[in-house]
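Structure file coords-v2.cif with mmCIF, C-alpha atoms:
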```cif
data_model
#
loop_
_atom_site.label_atom_id
_atom_site.label_comp_id
_atom_site.auth_asym_id
_atom_site.auth_seq_id
_atom_site.Cartn_x
_atom_site.Cartn_y
_atom_site.Cartn_z
CA MET A 1 199.65 62.08 136.59
CA ALA A 2 200.45 58.92 138.49
CA ARG A 3 204.00 57.85 139.09
CA SER A 4 205.24 55.00 136.88
CA VAL A 5 204.99 51.65 138.64
CA TRP A 6 208.38 50.47 137.43
CA LYS A 7 210.10 53.20 139.42
CA GLY A 8 208.72 52.00 142.72
CA PRO A 9 207.75 54.33 145.56
CA PHE A 10 210.00 57.31 146.25
CA VAL A 11 211.60 57.52 149.66
CA ASP A 12 214.67 59.37 150.81
CA GLY A 13 217.30 56.81 151.60
CA TYR A 14 218.29 58.10 154.99
CA LEU A 15 214.80 57.44 156.32
CA LEU A 16 215.33 53.73 155.91
CA ASN A 17 218.48 53.95 158.01
CA LYS A 18 216.73 55.93 160.69
CA ALA A 19 213.81 53.51 160.77
CA ASP A 20 216.14 50.52 161.05
CA ALA A 21 218.08 52.17 163.87
CA SER A 22 214.89 53.02 165.73
CA ARG A 23 213.58 49.48 165.42
CA ALA A 24 216.88 48.07 166.61
CA SER A 25 216.99 50.27 169.68
CA GLY A 26 213.46 49.35 170.78
CA ARG A 27 213.23 52.53 172.81
CA ASN A 28 210.53 55.18 172.96
CA GLU A 29 211.73 57.42 170.16
CA VAL A 30 210.53 60.04 167.74
CA ILE A 31 212.42 60.17 164.46
CA LYS A 32 212.68 63.75 163.34
CA ILE A 33 212.51 64.09 159.57
CA TRP A 34 212.26 66.89 157.08
CA SER A 35 211.40 64.69 154.11
CA ARG A 36 207.69 65.34 153.63
CA ARG A 37 207.91 64.01 150.08
CA SER A 38 208.84 60.47 151.04
CA THR A 39 206.31 57.69 150.66
CA ILE A 40 205.36 55.76 153.79
CA LEU A 41 206.63 52.21 153.41
CA PRO A 42 205.38 49.07 155.19
CA GLN A 43 208.58 48.88 157.26
CA PHE A 44 207.68 52.22 158.89
CA VAL A 45 204.48 50.86 160.43
CA GLY A 46 204.51 51.17 164.22
CA LEU A 47 207.18 53.86 164.32
CA THR A 48 206.62 57.48 165.29
CA PHE A 49 208.09 60.21 163.11
CA GLY A 50 208.28 63.91 163.82
CA VAL A 51 207.49 65.44 160.44
CA TYR A 52 208.60 69.02 159.98
CA ASN A 53 205.90 71.41 158.78
CA GLY A 54 208.14 74.45 158.45
CA HIS A 55 207.59 75.40 162.06
CA LYS A 56 207.68 72.33 164.28
CA PHE A 57 207.89 68.56 164.14
CA LEU A 58 204.39 67.08 164.32
CA PRO A 59 204.27 63.53 165.68
CA VAL A 60 203.05 61.03 163.08
CA GLN A 61 202.31 57.53 164.34
CA VAL A 62 202.50 55.34 161.26
CA SER A 63 199.73 52.77 160.88
CA GLU A 64 198.95 50.28 158.13
CA ASN A 65 196.34 52.52 156.57
CA MET A 66 198.95 55.20 155.91
CA VAL A 67 201.19 53.04 153.72
CA GLY A 68 201.46 54.57 150.25
CA HIS A 69 200.73 58.11 151.39
CA LYS A 70 203.38 60.79 151.80
CA PHE A 71 204.61 61.95 155.21
CA GLY A 72 203.67 65.52 154.40
CA GLU A 73 199.99 64.64 154.18
CA PHE A 74 199.89 64.15 157.94
CA SER A 75 201.73 67.29 158.95
CA PRO A 76 199.67 70.30 157.83
CA THR A 77 201.53 73.54 157.26
CA ARG A 78 198.60 75.84 158.01
CA THR A 79 197.39 76.38 161.54
CA PHE A 80 193.86 75.28 162.24
CA THR A 81 192.55 76.13 165.66
CA GLY A 82 189.28 74.27 165.80
CA HIS A 83 187.06 73.64 168.77
CA SER A 84 187.30 70.45 170.74
CA SER A 85 183.78 70.05 172.21
CA ASP A 86 182.88 66.36 172.23
CA LYS A 87 185.87 65.12 170.22
CA LYS A 88 187.70 62.23 171.81
CA ALA A 89 191.36 61.31 171.74
CA LYS A 90 192.31 57.66 171.83
CA ARG A 91 195.62 56.85 173.44
CA GLY A 92 197.70 54.85 170.96
CA MET B 93 181.75 79.39 181.98
CA ASN B 94 184.00 77.15 184.04
CA ARG B 95 185.49 73.73 183.39
CA ASP B 96 182.19 72.10 184.32
CA HIS B 97 180.76 73.24 181.02
CA VAL B 98 181.95 72.49 177.51
CA LEU B 99 181.52 74.89 174.62
CA MET B 100 179.42 73.14 171.98
CA GLY B 101 178.42 75.86 169.55
CA VAL B 102 177.80 79.49 168.78
CA VAL B 103 174.67 81.19 167.51
CA GLY B 104 175.26 82.94 164.22
CA ARG B 105 173.32 85.44 162.17
CA PRO B 106 169.52 85.33 161.83
CA HIS B 107 168.01 83.42 158.93
CA GLY B 108 164.84 84.88 157.50
CA VAL B 109 162.21 86.80 159.43
CA ARG B 110 160.69 84.00 161.53
CA GLY B 111 163.34 83.73 164.20
CA LEU B 112 165.55 81.06 162.72
CA VAL B 113 169.29 81.40 163.30
CA HIS B 114 172.47 79.93 161.94
CA VAL B 115 174.16 77.78 164.56
CA HIS B 116 177.83 76.85 164.33
CA SER B 117 178.03 73.47 165.97
CA TYR B 118 181.39 72.31 167.37
CA THR B 119 180.30 68.73 167.92
CA ALA B 120 181.82 65.91 165.89
CA VAL B 121 178.45 65.49 164.13
CA ALA B 122 176.77 68.89 163.88
CA GLU B 123 173.23 67.58 164.36
CA ASP B 124 174.17 66.02 167.70
CA LEU B 125 174.01 69.44 169.32
CA SER B 126 170.23 69.23 169.61
CA GLY B 127 170.49 65.90 171.41
CA TYR B 128 172.37 67.18 174.43
CA ASP B 129 170.46 67.96 177.61
CA GLY B 130 171.14 71.07 179.61
CA LEU B 131 172.13 73.42 176.79
CA VAL B 132 172.79 76.84 178.33
CA ASP B 133 174.12 80.08 176.95
CA ASP B 134 176.92 82.14 178.44
CA LEU B 135 174.43 83.97 180.65
CA GLY B 136 173.32 80.66 182.12
CA ARG B 137 169.90 80.67 180.43
CA PRO B 138 168.72 77.22 179.30
CA TRP B 139 167.85 76.61 175.67
CA ARG B 140 166.60 73.79 173.50
CA LEU B 141 167.42 73.61 169.83
CA SER B 142 165.65 72.11 166.82
CA TRP B 143 167.23 71.93 163.38
CA HIS B 144 165.43 73.41 160.37
CA GLY B 145 167.94 72.80 157.63
CA ASN B 146 171.65 72.66 157.15
CA GLY B 147 173.15 74.65 160.02
CA ILE B 148 169.88 76.51 160.61
CA ALA B 149 168.00 76.03 163.85
CA ARG B 150 165.23 77.38 166.01
CA LEU B 151 165.90 78.11 169.66
CA HIS B 152 163.35 77.42 172.38
CA ASP B 153 163.67 78.82 175.89
CA ALA B 154 163.12 76.92 179.13
CA ALA B 155 159.35 77.39 178.96
CA GLY B 156 159.29 75.94 175.45
CA ASN B 157 158.62 79.27 173.74
CA ALA B 158 160.39 79.52 170.42
CA ILE B 159 162.16 82.60 169.18
CA ASP B 160 159.81 83.69 166.41
CA SER B 161 160.99 87.08 165.24
CA ARG B 162 164.11 88.29 163.52
CA GLU B 163 164.60 90.97 166.17
CA ALA B 164 164.66 88.38 168.95
CA ALA B 165 166.99 86.21 166.89
CA GLN B 166 169.29 89.20 166.42
CA GLN B 167 169.66 89.40 170.21
CA MET B 168 171.10 85.88 170.22
CA VAL B 169 173.90 86.52 167.72
CA ASN B 170 177.33 85.38 169.00
CA ARG B 171 175.76 83.77 172.06
CA LYS B 172 177.83 80.74 173.03
CA LEU B 173 176.10 77.47 173.83
CA TYR B 174 177.45 75.14 176.50
CA VAL B 175 176.49 71.79 177.93
CA PRO B 176 177.46 70.47 181.37
CA ARG B 177 180.46 68.17 181.19
CA THR B 178 178.40 65.54 182.99
CA SER B 179 175.93 65.31 180.13
CA LEU B 180 178.59 64.05 177.74
CA PRO B 181 178.64 60.25 177.49
CA GLU B 182 181.48 58.55 179.33
CA PRO B 183 184.35 57.81 176.93
CA ASP B 184 185.67 54.28 176.47
CA GLU B 185 188.78 53.04 178.18
CA ASP B 186 191.85 54.89 176.95
CA GLU B 187 189.66 57.54 175.35
CA PHE B 188 189.59 61.10 176.63
CA TYR B 189 187.70 64.19 175.62
CA PHE B 190 189.88 66.90 174.14
CA ALA B 191 188.20 69.31 176.54
CA ASP B 192 189.30 67.19 179.50
CA LEU B 193 192.92 66.99 178.38
CA VAL B 194 193.44 70.68 177.70
CA GLY B 195 194.69 72.46 180.80
CA LEU B 196 196.04 69.41 182.64
CA ASP B 197 199.37 69.74 184.40
CA VAL B 198 202.23 67.81 182.85
CA ARG B 199 204.54 65.92 185.20
CA GLU B 200 207.76 64.27 184.21
CA GLN B 201 208.00 60.57 184.92
CA GLY B 202 210.38 59.74 187.73
CA THR B 203 210.86 63.23 189.12
CA GLU B 204 207.12 64.15 189.23
CA ARG B 205 208.25 67.68 188.46
CA VAL B 206 205.63 69.81 186.69
CA ILE B 207 207.12 70.77 183.33
CA GLY B 208 204.15 72.51 181.77
CA ARG B 209 200.51 72.36 180.87
CA VAL B 210 198.57 70.80 178.00
CA ALA B 211 197.86 73.71 175.67
CA ALA B 212 196.14 71.89 172.81
CA VAL B 213 195.32 68.48 171.43
CA HIS B 214 195.96 67.83 167.73
CA ASP B 215 194.72 65.05 165.49
CA TYR B 216 195.61 65.31 161.83
CA GLY B 217 194.83 61.70 160.98
CA ALA B 218 198.09 60.18 162.18
CA GLY B 219 197.41 59.71 165.86
CA THR B 220 196.69 62.25 168.55
CA SER B 221 199.43 64.52 169.81
CA LEU B 222 199.58 66.83 172.79
CA GLU B 223 200.99 70.33 172.63
CA ILE B 224 202.61 71.11 175.95
CA ASP B 225 203.30 74.66 176.94
CA GLY B 226 206.26 74.75 179.28
CA ALA B 227 209.04 76.99 180.44
CA GLY B 228 211.26 75.88 177.57
CA GLY B 229 208.66 76.62 174.91
CA ASN B 230 206.17 74.40 173.19
CA LEU B 231 206.65 70.67 173.01
CA LEU B 232 204.74 68.18 170.90
CA LEU B 233 204.27 64.68 172.25
CA PRO B 234 202.53 61.70 170.68
CA PHE B 235 199.58 60.63 172.80
CA THR B 236 200.70 57.05 173.31
CA ARG B 237 201.05 54.80 176.33
CA ALA B 238 204.81 54.97 175.97
CA CYS B 239 204.92 58.76 176.08
CA VAL B 240 201.92 59.42 178.33
CA PRO B 241 201.72 56.47 180.71
CA VAL B 242 199.40 58.14 183.23
CA VAL B 243 196.34 60.32 182.57
CA ASN B 244 194.49 61.42 185.68
CA VAL B 245 191.75 63.80 184.64
CA ARG B 246 190.18 63.96 188.09
CA ALA B 247 193.43 64.95 189.77
CA GLY B 248 194.26 67.27 186.86
CA TYR B 249 197.58 65.92 185.67
CA ILE B 250 199.28 63.63 183.19
CA VAL B 251 202.64 61.96 183.55
CA VAL B 252 204.86 62.02 180.49
CA CYS B 253 207.95 60.11 179.51
CA LEU B 254 209.82 62.33 177.08
CA PRO B 255 210.84 60.35 174.00
CA ASP B 256 214.40 60.15 172.82
CA GLU B 257 215.30 61.82 169.60
CA ILE B 258 217.10 59.56 167.21
CA GLU B 259 219.87 60.85 165.02
CA VAL B 260 221.61 58.64 162.52
CA PRO B 261 224.53 59.70 160.39
CA VAL B 262 223.21 60.11 156.89
CA GLU B 263 224.63 57.65 154.43
CA CYS B 264 225.65 59.14 151.14
CA PHE B 265 222.83 57.99 148.96
CA PRO B 266 223.14 59.25 145.41
CA GLY B 267 221.30 62.54 145.06
CA THR B 268 220.39 62.87 148.75
CA ASP B 269 221.76 65.33 151.26
CA THR B 270 221.25 65.60 155.01
CA HIS B 271 217.76 67.06 154.84
CA GLY B 272 216.56 64.85 152.06
CA ASP B 273 216.73 67.50 149.37
CA ALA B 274 217.85 66.35 145.99
CA THR B 275 221.14 67.79 144.86
#
```
Take the structure in the file and write it out as structure tokens.
Amino acid sequence: MARSVWKGPFVDGYLLNKADASRASGRNEVIKIWSRRSTILPQFVGLTFGVYNGHKFLPVQVSENMVGHKFGEFSPTRTFTGHSSDKKAKRG
Amino acid sequence: MNRDHVLMGVVGRPHGVRGLVHVHSYTAVAEDLSGYDGLVDDLGRPWRLSWHGNGIARLHDAAGNAIDSREAAQQMVNRKLYVPRTSLPEPDEDEFYFADLVGLDVREQGTERVIGRVAAVHDYGAGTSLEIDGAGGNLLLPFTRACVPVVNVRAGYIVVCLPDEIEVPVECFPGTDTHGDAT
């Protein structure tokens, strides 16, 4: 069941503080968070979060397309060791 | 096989009695496997591949003779298929093959000290990240210009700038504790 619109998106409050601090510093930073349940807000776009998956903090570079999703969606908790072959990585 | 070859697939179990086999393709698009030139197995024997259904293919040897019996197909089970690295198309600027990145030495910016080796490349839909295996354990780095300013595949190293870790005192939001769990 969808969340009621009148409530607005859920986000843990301390994330907003961390995001603001990171933006203010302007340095190359990874914001370590445990809150996988928080919704990705537009003000997070461009920042890099380290989202805990129960084992390690996976880097999540927030882009516009990710707004509205939860942080946990981008930090899988099960290990998948696939094969690389002809897959390409683009440097962000 | 050495670093000159890239693993592209594995031959699976036989399919039917006419020599068809299941092929597990590791390419981004499975059907692309048949398009690569210079497909060789782990014994160095050249093969050509034609698809006959979803994940089912027929293998042809260098002379063009197809495998046409189940017994011959059985001999190919678990045979790995490689292509020469040179047959892969050149990536665009700022694009790198996963296979090229894995195994590169990792040097720290400024000191040029080797701090580890790229163990794996991850992409879960939120940007690529590098898993670096070093003396201090595993380290995960976002694959960005800020964190990885230099990638030199030919020389076999990358230069990394380790990111700072930001910590902000948690404000006392109602119902929120330090790890974001509701109280």
To one decimal place, how far is atom CA of B:Gln167 from atom CA of B:Glu123 in Å?
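Atom CA of B:Glu123 lies 22.9 Å from atom CA of B:Gln167.
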Restricting the calculation to only C-alpha atoms: of B:Ala158, B:Ala211, B:Val115, B:Val206, which residue gets closest to B:Leu193?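 Under the stated criterion, the closest residue is B:Ala211.
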Could you list the residues chosen by the PyMOL selection byres ((chain A) within 10 of (chain B)) in this structure as an MDAnalysis selection string?
-> chainID A and resid 11:15 17:22 25 27:38 48:50 56:63 65:66 71 73:76 80:92
Do you have the atom CA of A:Glu64-atom CA of A:Val45 distance handy?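 Taking atom CA of A:Glu64 as the start and atom CA of A:Val45 as the end point, the length is 6.0 Å.
In this model, the gap between atom CA of B:Asp225 and atom CA of A:Thr79 comes to 16.6 Å.
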Q.
Could you tell me, as JSON, numbers by chain, exactly which residues end up selected when the PyMOL selection byres ((chain B and resi 205) around 12) is applied to this structure?
A. {"B": [197, 198, 199, 200, 201, 202, 203, 204, 206, 207, 208, 209, 226, 249, 250, 251, 252, 253]}
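Every residue that the PyMOL selection byres ((chain B and resi 148) around 7) selects in this file is listed here: Leu112, Val113, His114, Val115, Trp143, His144, Gly145, Asn146, Gly147 and Ala149 of chain B.
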Any idea what's packed within 12 Å of B:Gly136, counting all atoms listed in the file, ignoring anything in its chain fewer than 5 positions away? Could you give it as a list in words? Met93, Asn94, His97, Gly130, Leu131, Asp153, Ala154, Arg171, Lys172, Leu173, Tyr174, Val175 and Pro176 of chain B
For B:Ala155, please output as a compact mmCIF listing (two decimals) with C-alpha atoms, in the frame of the given file all residues within 12 Å (counting all atoms listed in the file; exclusion window: fewer than 4 positions along the same chain).
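That gives us part33.txt:
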```txt
# COMPACT_ATOMS: atom_id res chain seq x y z
CA ARG B 137 169.90 80.67 180.43
CA PRO B 138 168.72 77.22 179.30
CA TRP B 139 167.85 76.61 175.67
CA ARG B 140 166.60 73.79 173.50
CA LEU B 151 165.90 78.11 169.66
CA ILE B 159 162.16 82.60 169.18
```
Write stretch 242-256 of chain B as a PDB file, in the frame of the given file, completed to N, CA and C atoms.
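Produced file part12.pdb, reproduced below:
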```
ATOM      1  N   VAL B 242     200.438  57.888 182.225  1.00  0.00           N
ATOM      2  CA  VAL B 242     199.400  58.140 183.230  1.00  0.00           C
ATOM      3  C   VAL B 242     198.575  59.362 182.818  1.00  0.00           C
ATOM      4  N   VAL B 243     197.265  59.190 182.775  1.00  0.00           N
ATOM      5  CA  VAL B 243     196.340  60.320 182.570  1.00  0.00           C
ATOM      6  C   VAL B 243     195.358  60.306 183.723  1.00  0.00           C
ATOM      7  N   ASN B 244     195.398  61.324 184.543  1.00  0.00           N
ATOM      8  CA  ASN B 244     194.490  61.420 185.680  1.00  0.00           C
ATOM      9  C   ASN B 244     193.702  62.729 185.554  1.00  0.00           C
ATOM     10  N   VAL B 245     192.546  62.599 184.907  1.00  0.00           N
ATOM     11  CA  VAL B 245     191.750  63.800 184.640  1.00  0.00           C
ATOM     12  C   VAL B 245     191.192  64.381 185.935  1.00  0.00           C
ATOM     13  N   ARG B 246     190.765  63.487 186.837  1.00  0.00           N
ATOM     14  CA  ARG B 246     190.180  63.960 188.090  1.00  0.00           C
ATOM     15  C   ARG B 246     191.192  64.774 188.915  1.00  0.00           C
ATOM     16  N   ALA B 247     192.408  64.248 188.990  1.00  0.00           N
ATOM     17  CA  ALA B 247     193.430  64.950 189.770  1.00  0.00           C
ATOM     18  C   ALA B 247     194.063  66.092 188.978  1.00  0.00           C
ATOM     19  N   GLY B 248     193.800  66.136 187.666  1.00  0.00           N
ATOM     20  CA  GLY B 248     194.260  67.270 186.860  1.00  0.00           C
ATOM     21  C   GLY B 248     195.702  67.199 186.413  1.00  0.00           C
ATOM     22  N   TYR B 249     196.202  65.991 186.162  1.00  0.00           N
ATOM     23  CA  TYR B 249     197.580  65.920 185.670  1.00  0.00           C
ATOM     24  C   TYR B 249     197.773  64.708 184.752  1.00  0.00           C
ATOM     25  N   ILE B 250     198.807  64.791 183.936  1.00  0.00           N
ATOM     26  CA  ILE B 250     199.280  63.630 183.190  1.00  0.00           C
ATOM     27  C   ILE B 250     200.760  63.458 183.491  1.00  0.00           C
ATOM     28  N   VAL B 251     201.216  62.239 183.375  1.00  0.00           N
ATOM     29  CA  VAL B 251     202.640  61.960 183.550  1.00  0.00           C
ATOM     30  C   VAL B 251     203.206  61.606 182.183  1.00  0.00           C
ATOM     31  N   VAL B 252     204.285  62.268 181.813  1.00  0.00           N
ATOM     32  CA  VAL B 252     204.860  62.020 180.490  1.00  0.00           C
ATOM     33  C   VAL B 252     206.275  61.461 180.614  1.00  0.00           C
ATOM     34  N   CYS B 253     206.605  60.647 179.643  1.00  0.00           N
ATOM     35  CA  CYS B 253     207.950  60.110 179.510  1.00  0.00           C
ATOM     36  C   CYS B 253     208.483  60.682 178.197  1.00  0.00           C
ATOM     37  N   LEU B 254     209.361  61.651 178.292  1.00  0.00           N
ATOM     38  CA  LEU B 254     209.820  62.330 177.080  1.00  0.00           C
ATOM     39  C   LEU B 254     210.573  61.364 176.175  1.00  0.00           C
ATOM     40  N   PRO B 255     210.188  61.296 174.907  1.00  0.00           N
ATOM     41  CA  PRO B 255     210.840  60.350 174.000  1.00  0.00           C
ATOM     42  C   PRO B 255     212.241  60.801 173.620  1.00  0.00           C
ATOM     43  N   ASP B 256     213.071  59.816 173.319  1.00  0.00           N
ATOM     44  CA  ASP B 256     214.400  60.150 172.820  1.00  0.00           C
ATOM     45  C   ASP B 256     214.276  60.618 171.375  1.00  0.00           C
TER      46      ASP B 256
END
```
